[in-house]
Structures are given as C-alpha cells and as structure tokens.
>>> print(open('start-v6.txt').read())   # compact mmCIF, C-alpha atoms
# COMPACT_ATOMS: atom_id res chain seq x y z
CA MET A 1 17.94 108.72 -101.79
CA SER A 2 21.50 110.06 -101.69
CA ILE A 3 24.00 108.94 -99.05
CA GLU A 4 26.01 111.64 -97.31
CA ILE A 5 29.65 110.70 -96.72
CA GLU A 6 31.60 112.51 -94.02
CA SER A 7 34.91 113.91 -95.23
CA ALA A 8 36.54 112.78 -91.97
CA ASP A 9 35.61 109.18 -92.77
CA VAL A 10 37.30 109.47 -96.17
CA VAL A 11 40.45 110.76 -94.48
CA ARG A 12 40.39 107.86 -92.02
CA LEU A 13 40.09 105.35 -94.86
CA ILE A 14 43.21 106.86 -96.42
CA GLN A 15 44.97 106.84 -93.05
CA GLN A 16 44.21 103.15 -92.58
CA TYR A 17 45.62 102.42 -96.04
CA LEU A 18 48.80 104.37 -95.19
CA LYS A 19 49.18 102.57 -91.86
CA GLU A 20 48.73 99.11 -93.38
CA ASN A 21 51.31 99.87 -96.06
CA ASN A 22 53.88 101.23 -93.57
CA LEU A 23 53.71 104.78 -94.93
CA HIS A 24 54.11 106.21 -91.43
CA LYS A 25 55.63 109.58 -92.37
CA THR A 26 52.80 110.31 -94.76
CA LEU A 27 50.31 109.14 -92.13
CA ARG A 28 51.72 111.53 -89.52
CA CYS A 29 51.68 114.44 -91.99
CA LEU A 30 48.06 113.73 -92.91
CA GLN A 31 47.01 113.51 -89.25
CA GLU A 32 48.75 116.79 -88.42
CA GLU A 33 47.34 118.65 -91.41
CA THR A 34 43.74 117.43 -91.01
CA SER A 35 43.65 117.07 -87.19
CA ILE A 36 41.88 113.76 -87.85
CA THR A 37 43.30 110.62 -86.29
CA LEU A 38 42.70 106.97 -87.00
CA ASN A 39 42.55 105.68 -83.39
CA THR A 40 42.21 102.05 -84.40
CA VAL A 41 43.95 98.91 -83.20
CA ASP A 42 43.93 95.41 -84.59
CA SER A 43 42.19 94.09 -81.49
CA VAL A 44 40.98 95.92 -78.37
CA GLU A 45 41.31 92.70 -76.35
CA SER A 46 44.94 92.21 -77.40
CA PHE A 47 45.64 95.88 -76.74
CA MET A 48 44.27 95.59 -73.18
CA THR A 49 46.10 92.28 -72.63
CA ASP A 50 49.42 93.87 -73.59
CA ILE A 51 48.81 96.65 -71.04
CA ASN A 52 47.71 94.25 -68.30
CA GLN A 53 50.79 92.08 -68.89
CA GLY A 54 53.17 95.03 -69.10
CA HIS A 55 54.28 94.55 -72.72
CA TRP A 56 55.19 98.22 -72.92
CA ASP A 57 57.28 98.04 -76.07
CA THR A 58 54.23 96.75 -77.97
CA VAL A 59 51.87 99.23 -76.30
CA LEU A 60 54.05 102.28 -76.98
CA LYS A 61 54.43 101.27 -80.62
CA ALA A 62 50.65 100.87 -80.97
CA ILE A 63 49.85 104.33 -79.59
CA GLN A 64 52.23 106.20 -81.90
CA THR A 65 49.46 106.80 -84.44
CA LEU A 66 46.69 107.33 -81.86
CA LYS A 67 45.34 110.62 -80.58
CA LEU A 68 44.84 110.14 -76.84
CA PRO A 69 43.88 112.58 -74.04
CA ASP A 70 46.89 114.09 -72.27
CA LYS A 71 45.80 112.80 -68.86
CA LYS A 72 45.59 109.18 -70.05
CA LEU A 73 48.93 109.45 -71.83
CA ILE A 74 50.54 110.81 -68.65
CA ASP A 75 49.14 107.92 -66.60
CA LEU A 76 50.45 105.42 -69.15
CA TYR A 77 53.97 106.84 -69.33
CA GLU A 78 54.12 107.25 -65.55
CA GLN A 79 53.38 103.53 -65.18
CA VAL A 80 56.08 102.69 -67.71
CA VAL A 81 58.61 104.72 -65.70
CA LEU A 82 57.57 103.04 -62.44
CA GLU A 83 58.00 99.54 -63.86
CA LEU A 84 61.38 100.42 -65.40
CA ILE A 85 62.49 101.59 -61.97
CA GLU A 86 61.22 98.35 -60.45
CA LEU A 87 63.28 96.39 -63.00
CA ARG A 88 66.25 98.67 -62.14
CA GLU A 89 66.42 99.86 -65.75
CA LEU A 90 67.30 103.28 -64.41
CA GLY A 91 68.84 104.62 -67.60
CA ALA A 92 65.72 103.79 -69.60
CA ALA A 93 63.53 105.20 -66.83
CA LYS A 94 65.42 108.52 -66.86
CA SER A 95 65.18 108.71 -70.65
CA VAL A 96 61.41 108.21 -70.66
CA LEU A 97 60.90 110.58 -67.74
CA ARG A 98 63.00 113.46 -69.10
CA ASN A 99 62.55 113.19 -72.88
CA THR A 100 58.96 112.22 -73.65
CA ASP A 101 56.17 114.75 -74.17
CA PRO A 102 53.71 113.25 -71.63
CA MET A 103 56.32 113.37 -68.87
CA ILE A 104 57.30 116.92 -69.77
CA MET A 105 53.59 117.84 -69.52
CA LEU A 106 53.47 116.11 -66.13
CA LYS A 107 56.41 118.19 -64.91
CA GLN A 108 54.62 121.38 -65.89
CA ALA A 109 51.12 120.40 -64.72
CA VAL A 110 51.78 118.37 -61.56
CA PRO A 111 55.40 118.96 -60.53
CA GLU A 112 55.07 116.99 -57.27
CA ARG A 113 54.27 113.76 -59.18
CA TYR A 114 57.25 114.37 -61.45
CA VAL A 115 59.56 114.96 -58.49
CA HIS A 116 58.26 111.79 -56.85
CA LEU A 117 59.42 109.78 -59.88
CA GLU A 118 62.82 111.46 -59.83
CA ASN A 119 63.19 110.53 -56.15
CA LEU A 120 62.28 106.89 -56.86
CA ILE A 121 64.99 106.74 -59.54
CA ALA A 122 67.59 108.20 -57.12
CA ARG A 123 66.98 105.54 -54.49
CA SER A 124 68.98 102.31 -54.39
CA TYR A 125 65.87 100.21 -53.83
CA PHE A 126 62.27 99.99 -55.05
CA ASP A 127 59.40 99.78 -52.57
CA PRO A 128 55.91 99.35 -54.13
CA ARG A 129 54.38 100.97 -51.04
CA GLU A 130 56.25 104.17 -51.86
CA ALA A 131 55.58 103.93 -55.61
CA TYR A 132 51.79 103.45 -55.49
CA PRO A 133 49.08 105.10 -53.37
CA GLU A 134 47.61 103.10 -50.51
CA GLY A 135 45.41 100.23 -51.72
CA VAL A 136 46.77 100.39 -55.28
CA THR A 137 48.94 97.68 -56.78
CA LYS A 138 50.81 97.41 -60.05
CA GLU A 139 48.16 95.04 -61.43
CA ARG A 140 45.27 97.33 -60.46
CA ARG A 141 47.04 100.33 -61.99
CA ARG A 142 47.61 98.42 -65.24
CA ALA A 143 43.93 97.38 -65.33
CA ALA A 144 42.76 100.96 -64.78
CA ILE A 145 45.00 102.25 -67.58
CA ALA A 146 43.86 99.45 -69.91
CA ALA A 147 40.19 100.24 -69.27
CA ALA A 148 40.74 103.95 -69.81
CA LEU A 149 42.62 103.52 -73.11
CA ALA A 150 40.20 100.88 -74.42
CA GLY A 151 37.52 103.55 -74.50
CA GLU A 152 39.63 105.66 -76.86
CA VAL A 153 40.25 103.08 -79.58
CA SER A 154 38.16 100.99 -81.93
CA VAL A 155 38.58 98.04 -84.27
CA VAL A 156 37.96 98.40 -87.99
CA ALA A 157 38.05 95.62 -90.57
CA PRO A 158 41.35 95.62 -92.47
CA SER A 159 41.74 97.23 -95.92
CA ARG A 160 38.45 99.12 -95.77
CA LEU A 161 39.38 101.42 -98.67
CA LEU A 162 40.11 98.56 -101.05
CA ALA A 163 37.06 96.64 -99.83
CA LEU A 164 34.75 99.58 -100.53
CA LEU A 165 36.25 100.09 -103.98
CA GLY A 166 35.76 96.40 -104.72
CA GLN A 167 32.13 96.58 -103.59
CA ALA A 168 31.55 99.64 -105.79
CA LEU A 169 32.94 97.83 -108.83
CA LYS A 170 30.78 94.77 -108.12
CA TRP A 171 27.72 97.04 -107.91
CA GLN A 172 28.63 98.61 -111.25
CA GLN A 173 28.95 95.16 -112.78
CA HIS A 174 25.58 94.15 -111.28
CA GLN A 175 23.98 97.29 -112.74
CA GLY A 176 25.54 96.62 -116.14
CA LEU A 177 27.69 99.75 -115.96
CA LEU A 178 30.88 97.72 -116.04
CA PRO A 179 30.75 94.57 -118.15
CA PRO A 180 32.51 91.56 -116.54
CA GLY A 181 36.18 91.43 -117.46
CA THR A 182 36.32 95.10 -118.38
CA ALA A 183 39.38 97.01 -117.13
CA ILE A 184 38.53 100.08 -115.05
CA ASP A 185 40.37 103.37 -114.60
CA LEU A 186 39.63 103.95 -110.91
CA PHE A 187 40.98 107.50 -110.91
CA ARG A 188 38.81 108.68 -113.82
CA GLY A 189 35.97 106.37 -112.95
CA LYS A 190 35.77 105.03 -116.48
CA ALA A 191 35.71 101.62 -118.01
CA ALA A 192 38.80 101.30 -120.13
CA MET A 193 38.16 101.42 -123.82
CA ARG A 194 39.09 98.09 -125.27
CA GLU A 195 38.39 96.05 -128.31
CA GLN A 196 35.76 93.39 -127.78
CA GLN A 197 37.43 90.11 -126.95
CA GLU A 198 34.49 87.80 -127.60
CA GLU A 199 33.54 86.80 -131.11
CA GLU A 200 30.99 89.08 -132.74
CA LYS A 201 27.71 87.26 -133.28
CA GLU A 202 24.43 88.31 -134.82
CA PRO A 203 21.43 88.76 -132.51
CA THR A 204 18.98 85.88 -132.24
CA GLN A 205 16.83 86.66 -129.19
CA LEU A 206 15.29 89.50 -127.21
CA ALA A 207 17.29 90.42 -124.12
CA ARG A 208 15.06 93.19 -122.76
CA SER A 209 12.48 95.73 -123.85
CA ILE A 210 11.57 99.19 -122.54
CA LYS A 211 8.04 100.51 -123.01
CA PHE A 212 7.39 104.21 -123.59
CA PRO A 213 4.05 106.08 -123.53
CA ALA A 214 2.15 106.25 -126.81
CA ASN A 215 2.65 110.01 -127.09
CA ALA A 216 6.34 109.83 -126.13
CA HIS A 217 7.86 107.14 -128.34
CA ILE A 218 11.62 107.16 -128.97
CA GLU A 219 12.92 109.18 -131.88
CA SER A 220 16.63 108.56 -131.23
CA ALA A 221 18.93 106.39 -129.11
CA GLN A 222 22.68 106.06 -128.63
CA PHE A 223 25.19 104.09 -126.55
CA SER A 224 28.13 106.05 -125.16
CA PRO A 225 31.61 105.21 -126.55
CA ASP A 226 32.71 103.79 -123.16
CA GLY A 227 29.65 101.52 -123.10
CA GLN A 228 28.27 102.82 -119.80
CA TYR A 229 25.27 104.80 -120.99
CA LEU A 230 22.25 104.15 -123.19
CA VAL A 231 20.51 107.46 -123.89
CA THR A 232 17.13 107.91 -125.55
CA GLY A 233 15.47 111.00 -126.98
CA SER A 234 11.67 110.98 -127.10
CA PHE A 235 8.91 112.61 -129.14
CA ASP A 236 7.97 114.74 -126.10
CA GLY A 237 11.51 116.20 -125.87
CA ILE A 238 12.67 114.24 -122.82
CA ILE A 239 16.20 112.77 -122.83
CA GLU A 240 16.73 109.79 -120.52
CA VAL A 241 19.76 107.75 -119.47
CA TRP A 242 19.07 104.04 -118.99
CA ASN A 243 20.58 101.01 -117.31
CA PHE A 244 20.40 98.75 -120.34
CA THR A 245 20.94 95.63 -118.22
CA THR A 246 17.87 96.16 -116.02
CA GLY A 247 15.84 98.31 -118.42
CA LYS A 248 15.39 100.96 -115.73
CA ILE A 249 16.26 104.65 -115.45
CA ARG A 250 19.78 105.28 -114.12
CA LYS A 251 19.17 106.48 -110.55
CA ASP A 252 22.88 106.77 -109.79
CA LEU A 253 22.72 110.02 -111.79
CA LYS A 254 21.55 112.49 -109.15
CA TYR A 255 19.41 114.61 -111.48
CA GLN A 256 17.43 111.58 -112.66
CA GLU A 257 17.02 110.34 -109.09
CA GLN A 258 15.30 113.68 -108.41
CA ASP A 259 13.10 113.25 -111.54
CA SER A 260 14.87 116.12 -113.28
CA PHE A 261 15.68 115.18 -116.87
CA MET A 262 17.53 116.73 -119.77
CA MET A 263 14.92 118.20 -122.14
CA MET A 264 14.42 119.79 -125.55
CA GLU A 265 11.46 121.95 -126.60
CA SER A 266 10.35 119.49 -129.29
CA ALA A 267 10.99 115.90 -130.40
CA VAL A 268 14.62 114.76 -130.03
CA LEU A 269 15.62 113.60 -133.50
CA SER A 270 19.37 113.10 -133.01
CA LEU A 271 21.95 112.28 -130.32
CA ALA A 272 25.75 112.11 -130.30
CA PHE A 273 28.35 111.50 -127.60
CA SER A 274 31.76 113.12 -127.37
CA LYS A 275 34.70 110.73 -127.80
CA ASP A 276 35.34 110.68 -124.02
CA SER A 277 31.63 110.04 -123.22
CA GLU A 278 31.56 113.18 -121.06
CA MET A 279 29.29 115.30 -123.29
CA LEU A 280 26.05 114.62 -125.14
CA ALA A 281 24.79 116.69 -128.09
CA THR A 282 21.07 116.66 -128.86
CA GLY A 283 19.15 118.04 -131.82
CA SER A 284 15.41 118.65 -132.02
CA GLN A 285 12.64 118.74 -134.59
CA GLY A 286 12.47 122.51 -134.16
CA GLY A 287 16.13 122.98 -135.15
CA GLN A 288 17.42 123.46 -131.59
CA LEU A 289 20.88 122.19 -130.54
CA LYS A 290 22.06 121.58 -126.98
CA VAL A 291 25.26 120.17 -125.47
CA TRP A 292 24.98 118.49 -122.05
CA LYS A 293 27.35 117.23 -119.36
CA ILE A 294 26.04 113.70 -118.99
CA SER A 295 27.19 113.12 -115.38
CA THR A 296 25.32 116.16 -114.00
CA GLY A 297 22.60 116.82 -116.57
CA GLN A 298 23.86 120.40 -116.92
CA CYS A 299 23.25 122.15 -120.24
CA LEU A 300 26.66 123.46 -121.28
CA ARG A 301 25.64 125.17 -124.54
CA LYS A 302 22.40 125.93 -126.39
CA VAL A 303 21.54 127.22 -129.86
CA ASP A 304 17.81 127.81 -130.27
CA ARG A 305 17.99 128.19 -134.07
CA ALA A 306 20.86 125.97 -135.09
CA HIS A 307 18.77 125.07 -138.15
CA SER A 308 15.51 126.26 -139.66
CA GLU A 309 14.21 122.69 -139.66
CA GLY A 310 14.78 119.47 -137.71
CA VAL A 311 18.33 118.38 -136.81
CA THR A 312 18.74 114.94 -138.40
CA SER A 313 22.22 113.91 -137.20
CA LEU A 314 25.09 115.08 -134.99
CA ALA A 315 28.77 114.23 -134.51
CA PHE A 316 31.67 115.54 -132.41
CA ASN A 317 35.05 116.15 -134.02
CA LYS A 318 38.18 114.34 -132.84
CA ASP A 319 39.12 116.71 -130.00
CA ASN A 320 35.48 117.32 -128.92
CA SER A 321 35.79 121.05 -129.65
CA GLN A 322 33.14 121.11 -132.37
CA VAL A 323 29.76 119.56 -133.12
CA VAL A 324 28.73 118.95 -136.72
CA SER A 325 25.01 118.88 -137.49
CA THR A 326 22.83 118.08 -140.50
CA SER A 327 19.24 119.10 -141.03
CA PHE A 328 16.13 118.84 -143.20
CA ASP A 329 17.02 122.40 -144.29
CA ASN A 330 19.80 120.88 -146.48
CA ASN A 331 22.61 122.45 -144.42
CA ILE A 332 25.63 120.97 -142.68
CA ARG A 333 26.89 123.18 -139.86
CA ALA A 334 29.95 122.91 -137.62
CA PHE A 335 29.57 124.55 -134.21
CA LYS A 336 32.47 125.47 -131.94
CA ILE A 337 31.34 124.26 -128.53
CA LEU A 338 33.00 127.04 -126.52
CA LEU A 339 31.34 129.78 -128.56
CA LEU A 340 28.75 127.82 -130.54
CA GLU A 341 29.58 129.80 -133.65
CA TYR A 342 29.12 127.88 -136.87
CA THR A 343 30.13 127.51 -140.48
CA SER A 344 27.54 126.25 -142.93
CA SER A 345 27.24 124.56 -146.31
CA SER A 346 24.35 123.12 -148.29
CA ILE A 347 23.97 119.45 -149.23
CA SER A 348 21.28 117.47 -151.00
CA MET A 349 22.94 114.05 -151.46
CA LEU A 350 25.62 112.02 -149.69
CA TYR A 351 27.52 109.10 -151.29
CA LEU A 352 29.71 106.50 -149.56
CA VAL A 353 32.44 105.19 -151.85
CA HIS A 354 35.88 103.61 -151.66
CA MET A 355 38.30 106.40 -150.73
CA LYS A 356 41.00 105.35 -153.22
CA LYS A 357 39.09 103.81 -156.12
CA GLY A 358 35.94 105.93 -155.97
CA GLN A 359 33.82 102.83 -156.50
CA THR A 360 30.93 101.23 -154.63
CA VAL A 361 32.41 98.61 -152.30
CA ARG A 362 29.34 96.38 -151.89
CA SER A 363 25.59 96.48 -152.35
CA LEU A 364 23.24 94.80 -149.90
CA SER A 365 19.60 94.02 -150.50
CA SER A 366 16.68 92.49 -148.62
CA GLY A 367 15.72 90.62 -151.79
CA LYS A 368 12.12 91.87 -151.62
CA ARG A 369 10.44 93.84 -154.37
CA GLU A 370 7.99 95.53 -151.99
CA GLY A 371 8.28 96.47 -148.31
CA GLY A 372 11.95 95.51 -148.13
CA ASP A 373 13.50 98.97 -148.36
CA PHE A 374 15.94 99.63 -145.52
CA VAL A 375 15.07 102.45 -143.09
CA ALA A 376 18.14 102.17 -140.80
CA CYS A 377 21.46 100.35 -140.60
CA VAL A 378 24.43 100.01 -138.25
CA VAL A 379 27.82 98.29 -138.38
CA SER A 380 29.02 96.08 -135.50
CA PRO A 381 31.97 97.43 -133.45
CA ARG A 382 34.65 95.39 -135.23
CA GLY A 383 32.93 95.54 -138.59
CA ASP A 384 32.08 91.85 -138.89
CA TRP A 385 28.36 92.51 -139.37
CA ILE A 386 26.07 95.02 -141.03
CA TYR A 387 22.58 95.16 -139.55
CA CYS A 388 19.75 96.68 -141.57
CA VAL A 389 16.11 97.00 -140.64
CA GLY A 390 13.46 97.25 -143.33
CA GLU A 391 10.03 98.71 -143.86
CA ASP A 392 8.74 95.21 -143.18
CA HIS A 393 9.93 95.47 -139.52
CA VAL A 394 12.54 92.75 -140.15
CA LEU A 395 16.19 92.90 -139.10
CA TYR A 396 18.60 91.71 -141.82
CA CYS A 397 22.05 90.50 -140.67
CA PHE A 398 24.76 90.62 -143.33
CA SER A 399 28.28 89.23 -143.01
CA THR A 400 30.82 91.78 -144.20
CA THR A 401 33.22 88.97 -145.08
CA SER A 402 30.93 87.22 -147.54
CA GLY A 403 28.37 89.95 -148.15
CA LYS A 404 25.65 87.34 -147.71
CA LEU A 405 22.49 87.58 -145.67
CA GLN A 406 23.02 85.27 -142.68
CA ARG A 407 19.88 85.80 -140.62
CA THR A 408 16.57 87.65 -140.46
CA LEU A 409 14.64 88.50 -137.33
CA ASN A 410 11.22 90.09 -136.83
CA VAL A 411 11.92 92.92 -134.40
CA HIS A 412 8.78 95.12 -134.22
CA GLU A 413 5.08 95.24 -135.05
CA GLU A 414 5.09 98.84 -136.28
CA ASN A 415 7.45 101.09 -138.25
CA VAL A 416 11.03 100.98 -137.02
CA ILE A 417 12.57 104.42 -136.42
CA GLY A 418 16.21 103.53 -135.77
CA MET A 419 18.83 101.33 -134.18
CA CYS A 420 22.21 101.49 -132.41
CA HIS A 421 24.89 99.00 -131.33
CA HIS A 422 26.79 98.73 -128.04
CA PRO A 423 30.48 99.65 -128.55
CA HIS A 424 31.96 96.42 -127.15
CA GLN A 425 29.14 93.98 -126.41
CA ASN A 426 26.99 91.84 -128.68
CA LEU A 427 23.99 94.03 -127.93
CA LEU A 428 21.80 95.68 -130.56
CA SER A 429 19.03 98.18 -129.84
CA THR A 430 16.02 98.85 -132.09
CA PHE A 431 13.12 101.27 -131.50
CA SER A 432 9.82 101.86 -133.25
CA GLU A 433 6.63 103.91 -133.41
CA GLU A 434 4.85 101.41 -131.15
CA GLY A 435 6.74 102.95 -128.20
CA LEU A 436 9.14 100.06 -127.63
CA LEU A 437 12.92 100.00 -127.39
CA LYS A 438 14.20 96.45 -127.70
CA LEU A 439 17.64 95.09 -126.87
CA TRP A 440 18.76 92.02 -128.83
CA LYS A 441 21.53 89.54 -128.05
CA PRO A 442 22.98 86.36 -129.63
>>> encode(input="start-v6.txt", output="structure tokens")
Amino acid sequence: MSIEIESADVVRLIQQYLKENNLHKTLRCLQEETSITLNTVDSVESFMTDINQGHWDTVLKAIQTLKLPDKKLIDLYEQVVLELIELRELGAAKSVLRNTDPMIMLKQAVPERYVHLENLIARSYFDPREAYPEGVTKERRRAAIAAALAGEVSVVAPSRLLALLGQALKWQQHQGLLPPGTAIDLFRGKAAMREQQEEEKEPTQLARSIKFPANAHIESAQFSPDGQYLVTGSFDGIIEVWNFTTGKIRKDLKYQEQDSFMMMESAVLSLAFSKDSEMLATGSQGGQLKVWKISTGQCLRKVDRAHSEGVTSLAFNKDNSQVVSTSFDNNIRAFKILLLEYTSSSISMLYLVHMKKGQTVRSLSSGKREGGDFVACVVSPRGDWIYCVGEDHVLYCFSTTSGKLQRTLNVHEENVIGMCHHPHQNLLSTFSEEGLLKLWKP
C-alpha cells in the first residue's frame, strides 16, 4: 500500500526548517511563490497568553510568518493602536495606524473606524468608554482576539524535516538497506561506497535461506555495488529484488509491491549491475539481453537475439555506456546501451595470468580425486579470501595470503549453481538446484 504525500506538506516541512534556522528572507520568498504558509507557533497557550497580557512586541513578531484573515489582523492592529494611545505612546500609535497594511485596509474598508482612532490620538486624554463599545473592556477585547487567532494557528513538533529523515534512515537500517555505520548520501539516496571497515572473515553459519518453487529455482544472483540490492534470476524467467536481511521481496519498490516483476522469456542465466547500481543487465537461456532501471522496473533496452545461444555472463564498462556479454555460442559481444549495437568476437578459452610475468599466480585445489571439482568461485571484497564451491556441495575457504585451505562448509544437498558476495559485508550467497538461496555469515 503506497502512501500519498501532499506537496503542500513537503513545502511546510521546508518552511519550518527555514524558520528554525532564521532564514526568514528565503521563508518569505517561498511563502509568496507557493501561496502556502506555515501558520505554526511554538505554543498556542503561550501565544494566547501574550495576547491576553498585551505583550504586543512578541505577538507582532510571531505573526510575521503567519497567513491570517484580513479581518482578524485588523482587529489585532486596532487593539495595538488603542493600547499605545492609552499608554500615551502617540508617536508609535500614529506609525502603526498610518504605515501598516492592516490599518491601511481598515481605512479603505471601514473609514469611520479609522477616523475614530485618529480622533483618539488627537485628544489630550484617553477615556476607555470612548475607545471601546458599551460593555466591552480592554481585557474582553484581548480575550476575543486571542480566541480568534488561536483558531488560525497550530503547534508542530520541532525539526520535523530532520526527524522524518532520521526515521527513514532507521527504517532502511532495519530493512537491511543501509548497514549500521554506513554513510548515506541523502540527496542521491544512496549508501556511500566505502571500503569495509570490519575484518574479513570466512562464513561459518547460515544467516538466512530463501526457498523457491521446484520449477523456478535460481539460475543467477547478484548483489548491487552499493550493497542495497540482492537480485535473483530464476529458471522461469522472473527477476526479483530481495531484502537480504529479512529474506523477503522488496516491497519498497513500487512495481514489486504491485506484483509486477522484471521478466525474461526464458531462464535468467546471468545478471550484472552498472557501477552506480542504477541499471541491471540480464541475459537469458534463449540469447535475449535486457537492461533495466532497477528503481522502477522499467526495461530500458532489449535485444531479442543478442546471441544464438544462452548468455553466460554480463558486465558493464567503466562509464556504464556498454554491456559486454558472453555466450554458449562462443562469442563475446559489446553492446552500446543507447543504441544496443554490438561488436563481436569468438572465444573458446579464457586464461587468467599475471599481467606482467604471464605466469600462473596460484593454484587452489579441493584435494579430492573425485567429486571435488569446483563449479563456482568468488573473491571477497578486499581480496582476503577466495571461496570455491565444489561438485560435492562443499564450500572451500582459501586464504589469499597463505594460499591454504582454512575452512570447509557443507552448503547444499543438491548441485550448486553459483554464488555471490556482498560488496562490503561478510555475507556470502550460494544457490542450488534444490531451489534454495542461502546466505552465510561468520
């Protein structure tokens, strides 16, 4: 269920922030341009008390940022003039009477009331019986004005904008979208990319598992570079974005809340995020390629025959302008995202060697003669660990410093399809043909 937010409320939140930080010129400009006013006071009781006790300097300062009806403003300023006359502050009384907008409106709308005030100023004495109508006293007039103005103002908790932002960040932390201690770019709405501060440790226990239907097991999974998303691609072509902390579908994405998911026409064999985590590329068993906007679920680009066979892997280039794909058809193709044109070359083998020496850096082995062949591997974010999973459904944890096998862990009951690592948490994901995605932690 989505929550509708009134634009006027957003403007008022900004106005309150401006008022509390003494940005009065900006506040006035915003009120004039939007025709939306804040109309809040720190305390209605204190506001009424100031009127009832005649603290007019405080009252007039408080109403500067309020939008009040003309009639109520006229009554207020008329009372101020009367009490200045009573105090024989005739210069101040003349200034308020002749130079303020409410009194100018009074002169135009009810000239006899305006003239009555001028006559009171001209006299050498002040008689309350001449100043107020019969049966009305200064105290009663103050009380009436206080009651009338109290109905025009309200009290709002201080710093509402900052409080709401703080609540939103706490919710993101609770949902696992913002790991504790992570810096946040509020303007872009992104967790700041940072190097993991905690020591990298190998997984030792199951943190959470996600069960998929037997005919829709996971074929691919990937964390986003900013660490906010875990995306899975299934055998039935459905692409889902998960809250990896709760193990539930991300309902803060509107399209998933409405049960509308990103989809391919056949099994999703490969996934890749753009460097800024804004776009997701997906490749299917049928050779189809799509590029999505992850925040909206919109398909930005599609190539139905990117390859003649299944797309086995994908990667964005540095500036996110191209997607490189590999396939069972022995081709590597680079697609320009804006046009989705491509260049192609054939490949049958790929070797990883030392860039300068051209030599194998290190060889890692499960130590088993049978059933120990590795089917997938991943390197931890800072490169302290290499994790390999074998045909025997066992996870092998190698230290890159020593090259030695430090730990083994039985992770699945059936054949493991793949694995991925969170970009800045000690969190490893494995998925298998049994329809389970498992998340492992130290």
>>> residues_near_point(input="start-v6.txt", point="(34.8, 103.2, -88.7)", cutoff="9 Å", atoms="all atoms listed in the file", output="list in words")
Asp9, Arg12, Leu13, Leu38, Thr40, Ser154, Val155, Val156, Ala157 and Arg160 of chain A
>>> atom_distance(input="start-v6.txt", atom1="CA of Asp70 (chain A)", atom2="CA of Glu83 (chain A)")
20.1 Å
>>> closest_residue(input="start-v6.txt", among="A:Arg208, A:Lys438, A:Arg369, A:Arg123", to="Glu86 (chain A)", atoms="only C-alpha atoms")
A:Arg123
>>> atom_distance(input="start-v6.txt", atom1="CA of Gln285 (chain A)", atom2="CA of Ala306 (chain A)")
11.0 Å
>>> atom_distance(input="start-v6.txt", atom1="CA of Phe374 (chain A)", atom2="CA of Gly390 (chain A)")
4.1 Å
>>> closest_residue(input="start-v6.txt", among="A:Arg250, A:Leu269, A:Thr204, A:Glu309", to="Ser295 (chain A)", atoms="only C-alpha atoms")
A:Arg250
>>> residues_around(input="start-v6.txt", residues="His24 (chain A)", least_positions_apart="5", cutoff="10 Å", atoms="only C-alpha atoms", output="ChimeraX atom specification")
/A:15,18-19,29-30,64-65
>>> residues_around(input="start-v6.txt", residues="Thr408 (chain A)", least_positions_apart="4", cutoff="10 Å", atoms="only C-alpha atoms", output="compact mmCIF listing (two decimals) with C-alpha atoms, in the frame of the given file")
# COMPACT_ATOMS: atom_id res chain seq x y z
CA GLU A 202 24.43 88.31 -134.82
CA PRO A 203 21.43 88.76 -132.51
CA THR A 204 18.98 85.88 -132.24
CA SER A 366 16.68 92.49 -148.62
CA TYR A 387 22.58 95.16 -139.55
CA CYS A 388 19.75 96.68 -141.57
CA VAL A 389 16.11 97.00 -140.64
CA VAL A 394 12.54 92.75 -140.15
CA LEU A 395 16.19 92.90 -139.10
CA TYR A 396 18.60 91.71 -141.82
CA CYS A 397 22.05 90.50 -140.67
CA PHE A 398 24.76 90.62 -143.33
>>> residues_near_point(input="start-v6.txt", point="(15.0, 114.2, -114.8)", cutoff="10 Å", atoms="all atoms listed in the file", output="PyMOL selection string")
chain A and resi 238-241+249+251+253-263+297
>>> residues_around(input="start-v6.txt", residues="region 42-46 of chain A", least_positions_apart="5", cutoff="10 Å", atoms="only C-alpha atoms", output="list of chain:residue names")
A:Ile51, A:Asn52, A:Val59, A:Ala62, A:Ala146, A:Leu149, A:Ala150, A:Gly151, A:Glu152, A:Val153, A:Ser154, A:Val155, A:Val156, A:Ala157, A:Pro158
>>> axis_aligned_box(input="start-v6.txt", around="region 203-211 of chain A", padding_each_side="6 Å", output="lines of an AutoDock Vina configuration file")
center_x = 14.7
center_y = 93.2
center_z = -127.5
size_x = 25.4
size_y = 26.6
size_z = 22.0
>>> closest_residue(input="start-v6.txt", among="A:Asp384, A:Glu33, A:Glu20, A:Asp236", to="Ala214 (chain A)", atoms="only C-alpha atoms")
A:Asp236
>>> closest_residue(input="start-v6.txt", among="A:Ser220, A:Pro423, A:Ala207, A:Glu200", to="Ser399 (chain A)", atoms="all atoms listed in the file")
A:Glu200
>>> closest_residue(input="start-v6.txt", among="A:Glu32, A:Ile74, A:Trp385, A:Glu278", to="Gln298 (chain A)", atoms="all atoms listed in the file")
A:Glu278
>>> closest_residue(input="start-v6.txt", among="A:Gly91, A:Lys201, A:Gln79, A:Arg305", to="Glu139 (chain A)", atoms="all atoms listed in the file")
A:Gln79
>>> residues_around(input="start-v6.txt", residues="Ile218 (chain A)", least_positions_apart="2", cutoff="10 Å", atoms="only C-alpha atoms", output="list in words")
Lys211, Phe212, Pro213, Ala214, Asn215, Ala216, Ser220, Ala221, Thr232, Gly233, Ser234, Phe235, Asp236, Gly237, Ile238, Ile239, Ala267, Val268, Leu269, Ile417, Gly418, Thr430, Phe431, Ser432, Glu433, Glu434, Gly435, Leu436 and Leu437 of chain A
